[in-house]
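> query.csv is the file, holding CSV, C-alpha atoms:
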```csv
chain,number,residue,atom,x,y,z
A,412,MET,CA,-98.6,145.5,155.5
A,413,THR,CA,-101.1,146.4,158.1
A,414,SER,CA,-102.0,142.7,158.2
A,415,ILE,CA,-98.5,141.9,159.3
A,416,LYS,CA,-98.7,144.3,162.2
A,417,VAL,CA,-102.0,142.7,163.3
A,418,CYS,CA,-100.5,139.2,163.0
A,419,LYS,CA,-97.6,140.3,165.1
A,420,TYR,CA,-99.9,141.7,167.7
A,421,PHE,CA,-101.9,138.4,167.9
A,422,ILE,CA,-98.7,136.4,168.2
A,423,LYS,CA,-97.4,138.7,171.0
A,424,SER,CA,-100.7,138.5,172.8
A,425,SER,CA,-101.2,134.7,172.4
A,426,PRO,CA,-101.6,132.8,175.7
A,427,VAL,CA,-98.9,130.3,176.5
A,428,GLY,CA,-99.8,127.0,175.0
A,429,GLU,CA,-102.3,128.4,172.5
A,430,LEU,CA,-100.0,129.9,169.9
A,431,HIS,CA,-100.6,127.1,167.3
A,432,GLU,CA,-104.4,127.7,167.6
A,433,VAL,CA,-103.9,131.4,167.1
A,434,LEU,CA,-101.6,130.8,164.1
A,435,ASP,CA,-104.2,128.5,162.6
A,436,ASP,CA,-106.9,131.1,163.1
A,437,ILE,CA,-104.8,133.8,161.5
A,438,GLY,CA,-104.2,131.5,158.5
A,439,LYS,CA,-107.9,130.9,158.1
A,440,VAL,CA,-108.7,134.6,158.2
A,441,LEU,CA,-105.9,135.4,155.6
A,442,GLY,CA,-106.8,132.3,153.5
A,443,SER,CA,-103.3,130.8,153.6
A,444,GLN,CA,-100.3,130.1,155.9
A,445,GLU,CA,-98.0,132.2,153.7
A,446,PHE,CA,-97.8,134.9,156.4
A,447,LEU,CA,-95.5,132.5,158.4
A,448,GLN,CA,-92.8,133.0,155.8
A,449,THR,CA,-92.4,136.7,156.2
A,450,PRO,CA,-89.3,137.9,158.1
A,451,GLU,CA,-91.4,140.1,160.4
A,452,ILE,CA,-93.6,137.1,161.5
A,453,LYS,CA,-90.5,134.8,161.9
A,454,GLU,CA,-88.9,137.4,164.1
A,455,ALA,CA,-92.2,137.8,166.1
A,456,LEU,CA,-92.3,134.0,166.6
A,457,ARG,CA,-88.7,133.9,167.6
A,458,GLU,CA,-89.3,136.6,170.3
A,459,TYR,CA,-92.4,134.8,171.5
A,460,TYR,CA,-90.7,131.5,171.9
A,461,GLU,CA,-87.7,133.1,173.6
A,462,SER,CA,-89.7,135.2,176.0
A,463,HIS,CA,-91.8,132.2,177.1
A,464,ARG,CA,-88.9,129.7,177.0
A,465,LEU,CA,-91.0,127.1,175.3
A,466,HIS,CA,-90.1,123.5,174.7
A,467,LEU,CA,-90.3,122.5,171.0
A,468,HIS,CA,-90.4,119.0,169.6
A,469,LEU,CA,-88.2,118.7,166.5
A,470,SER,CA,-88.9,116.3,163.6
A,471,ASP,CA,-86.0,114.1,164.6
A,472,GLY,CA,-87.6,113.4,168.0
A,473,GLN,CA,-85.5,115.8,170.1
A,474,THR,CA,-87.0,118.3,172.5
A,475,VAL,CA,-85.4,121.7,172.8
A,476,LEU,CA,-85.8,124.7,175.0
A,477,VAL,CA,-85.9,128.0,173.1
A,478,SER,CA,-84.2,130.9,174.8
A,479,ALA,CA,-82.1,133.9,173.9
A,480,GLN,CA,-79.0,132.2,175.2
A,481,GLY,CA,-78.3,130.5,171.8
A,482,ARG,CA,-78.8,133.6,169.7
A,483,GLN,CA,-75.9,134.7,167.5
A,484,GLU,CA,-76.5,138.4,167.3
A,485,PRO,CA,-75.7,139.3,170.9
A,486,ILE,CA,-72.6,137.1,170.8
A,487,VAL,CA,-71.4,138.7,167.6
A,488,ARG,CA,-71.9,142.2,169.1
A,489,TYR,CA,-70.1,141.1,172.3
A,490,VAL,CA,-67.1,139.8,170.4
A,491,GLN,CA,-66.9,142.9,168.3
A,492,THR,CA,-67.1,145.1,171.4
A,493,GLU,CA,-64.3,143.0,173.1
A,494,GLN,CA,-62.1,143.3,170.1
A,495,SER,CA,-62.5,147.0,169.9
A,496,TYR,CA,-61.1,147.4,173.5
A,497,GLN,CA,-58.0,145.4,172.7
```
What is this file in structure tokens?

Amino acid sequence: MTSIKVCKYFIKSSPVGELHEVLDDIGKVLGSQEFLQTPEIKEALREYYESHRLHLHLSDGQTVLVSAQGRQEPIVRYVQTEQSYQ
């Protein structure tokens, strides 16, 4: 799984606007794009998009801004914390 750690490092270090080129290069080195389906890489991409607040173009033509605001995990933790105080 060392290759996953290296991939995560490259994702984290990618300059804004060049992530797709970096992912293409990683895929060429590994010989496939299968690394994109691993949970660790999906989480690294999620963190990258949220930290840079990137705009993504969806297949239905919509443009979205990715941020941590829409994440469910912090909301779930907050709700559980609030219920424990009541």
> My list of candidates is A:Asp435, A:Asp471, A:Glu461, A:Glu451. Which is closest to Lys419 in chain A when distances are computed with all atoms listed in the file?
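The closest residue to Lys419 in chain A is A:Glu451.
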> What is the CA of Val477 in chain A to CA of His463 in chain A distance in Å?
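Atom-to-atom, CA of Val477 in chain A and CA of His463 in chain A are spaced 8.3 Å apart.
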> In Å, with one decimal, what is the gap from CA of Gly442 in chain A to CA of Ile422 in chain A?
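Result for CA of Gly442 in chain A versus CA of Ile422 in chain A: 17.3 Å, one decimal.
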